[in-house]
Amino acid sequence: MMHILKQVTTDTGAVLKSCTKQSADAKQLEESMSLMSGMPEAARLSSLLHLTCLLFEEKKISM
């Protein structure tokens, strides 16, 4: 579980770092969001968060 949490932390940092490079221009913002959604860290982060939520839901139900 610690490995998953470390990976979530790393991927969150990478995604946030890409967000800080965005400007206020709408067109550049749209391009930046498109690039960010294509990042492997963003896809992995989405999957890890989803699976972690499912795990905790299962734990809550079984208790």
# chains A, B, ... in the order shown; residues from 1 in each chain; ligands from 1
>>> residues_around(residues="stretch 25-40 of chain A", least_positions_apart="6", cutoff="10 Å", atoms="only C-alpha atoms", output="PyMOL selection string")
chain A and resi 11+14-19+46
>>> atom_distance(atom1="atom CA of A:Lys60", atom2="atom CA of A:Thr9")
23.5 Å
>>> atom_distance(atom1="atom CA of A:Thr12", atom2="atom CA of A:Ser47")
12.2 Å
>>> select_by_dssp(residues="chain A", states="alpha helix (DSSP H)", output="PyMOL selection string")
chain A and resi 2-19+26-37+40-62
>>> write_last_selection(atoms="C-alpha atoms", output="PDB file, in the first residue's frame")
ATOM      1  CA  MET A   2       2.874   2.368   0.733  1.00  0.00           C
ATOM      2  CA  HIS A   3       4.174   1.881  -2.806  1.00  0.00           C
ATOM      3  CA  ILE A   4       0.796   2.947  -4.193  1.00  0.00           C
ATOM      4  CA  LEU A   5       0.684   6.038  -1.979  1.00  0.00           C
ATOM      5  CA  LYS A   6       4.214   7.021  -3.018  1.00  0.00           C
ATOM      6  CA  GLN A   7       3.255   6.613  -6.683  1.00  0.00           C
ATOM      7  CA  VAL A   8       0.135   8.751  -6.151  1.00  0.00           C
ATOM      8  CA  THR A   9       2.281  11.443  -4.539  1.00  0.00           C
ATOM      9  CA  THR A  10       4.819  11.355  -7.384  1.00  0.00           C
ATOM     10  CA  ASP A  11       2.179  11.439 -10.110  1.00  0.00           C
ATOM     11  CA  THR A  12       0.241  14.213  -8.383  1.00  0.00           C
ATOM     12  CA  GLY A  13       3.409  16.296  -8.254  1.00  0.00           C
ATOM     13  CA  ALA A  14       4.043  15.775 -11.963  1.00  0.00           C
ATOM     14  CA  VAL A  15       0.476  16.698 -12.918  1.00  0.00           C
ATOM     15  CA  LEU A  16       0.491  19.773 -10.660  1.00  0.00           C
ATOM     16  CA  LYS A  17       3.830  20.843 -12.096  1.00  0.00           C
ATOM     17  CA  SER A  18       2.341  20.782 -15.590  1.00  0.00           C
ATOM     18  CA  CYS A  19      -0.610  22.875 -14.341  1.00  0.00           C
ATOM     19  CA  ALA A  26      -7.895  30.416 -23.345  1.00  0.00           C
ATOM     20  CA  LYS A  27      -6.321  28.786 -26.396  1.00  0.00           C
ATOM     21  CA  GLN A  28      -3.046  28.025 -24.598  1.00  0.00           C
ATOM     22  CA  LEU A  29      -5.000  26.776 -21.584  1.00  0.00           C
ATOM     23  CA  GLU A  30      -6.945  24.362 -23.802  1.00  0.00           C
ATOM     24  CA  GLU A  31      -3.699  23.108 -25.382  1.00  0.00           C
ATOM     25  CA  SER A  32      -2.098  22.687 -21.956  1.00  0.00           C
ATOM     26  CA  MET A  33      -5.069  20.710 -20.669  1.00  0.00           C
ATOM     27  CA  SER A  34      -4.921  18.491 -23.737  1.00  0.00           C
ATOM     28  CA  LEU A  35      -1.222  17.833 -23.170  1.00  0.00           C
ATOM     29  CA  MET A  36      -1.795  17.191 -19.473  1.00  0.00           C
ATOM     30  CA  SER A  37      -4.519  14.638 -20.167  1.00  0.00           C
ATOM     31  CA  PRO A  40       1.243   8.964 -18.545  1.00  0.00           C
ATOM     32  CA  GLU A  41       1.305  10.243 -14.954  1.00  0.00           C
ATOM     33  CA  ALA A  42      -2.231  11.626 -15.326  1.00  0.00           C
ATOM     34  CA  ALA A  43      -3.581   8.323 -16.618  1.00  0.00           C
ATOM     35  CA  ARG A  44      -1.782   6.343 -13.921  1.00  0.00           C
ATOM     36  CA  LEU A  45      -2.946   8.768 -11.221  1.00  0.00           C
ATOM     37  CA  SER A  46      -6.541   8.441 -12.361  1.00  0.00           C
ATOM     38  CA  SER A  47      -6.340   4.652 -12.260  1.00  0.00           C
ATOM     39  CA  LEU A  48      -4.592   4.531  -8.900  1.00  0.00           C
ATOM     40  CA  LEU A  49      -7.097   6.878  -7.283  1.00  0.00           C
ATOM     41  CA  HIS A  50     -10.018   4.913  -8.685  1.00  0.00           C
ATOM     42  CA  LEU A  51      -8.628   1.581  -7.516  1.00  0.00           C
ATOM     43  CA  THR A  52      -7.758   2.987  -4.090  1.00  0.00           C
ATOM     44  CA  CYS A  53     -11.322   4.261  -3.693  1.00  0.00           C
ATOM     45  CA  LEU A  54     -12.671   0.850  -4.659  1.00  0.00           C
ATOM     46  CA  LEU A  55     -10.372  -0.829  -2.155  1.00  0.00           C
ATOM     47  CA  PHE A  56     -11.508   1.417   0.690  1.00  0.00           C
ATOM     48  CA  GLU A  57     -15.155   0.985  -0.283  1.00  0.00           C
ATOM     49  CA  GLU A  58     -14.692  -2.800  -0.168  1.00  0.00           C
ATOM     50  CA  LYS A  59     -13.011  -2.535   3.232  1.00  0.00           C
ATOM     51  CA  LYS A  60     -15.850  -0.377   4.531  1.00  0.00           C
ATOM     52  CA  ILE A  61     -18.494  -2.821   3.310  1.00  0.00           C
ATOM     53  CA  SER A  62     -16.738  -5.857   4.776  1.00  0.00           C
TER      54      SER A  62
END
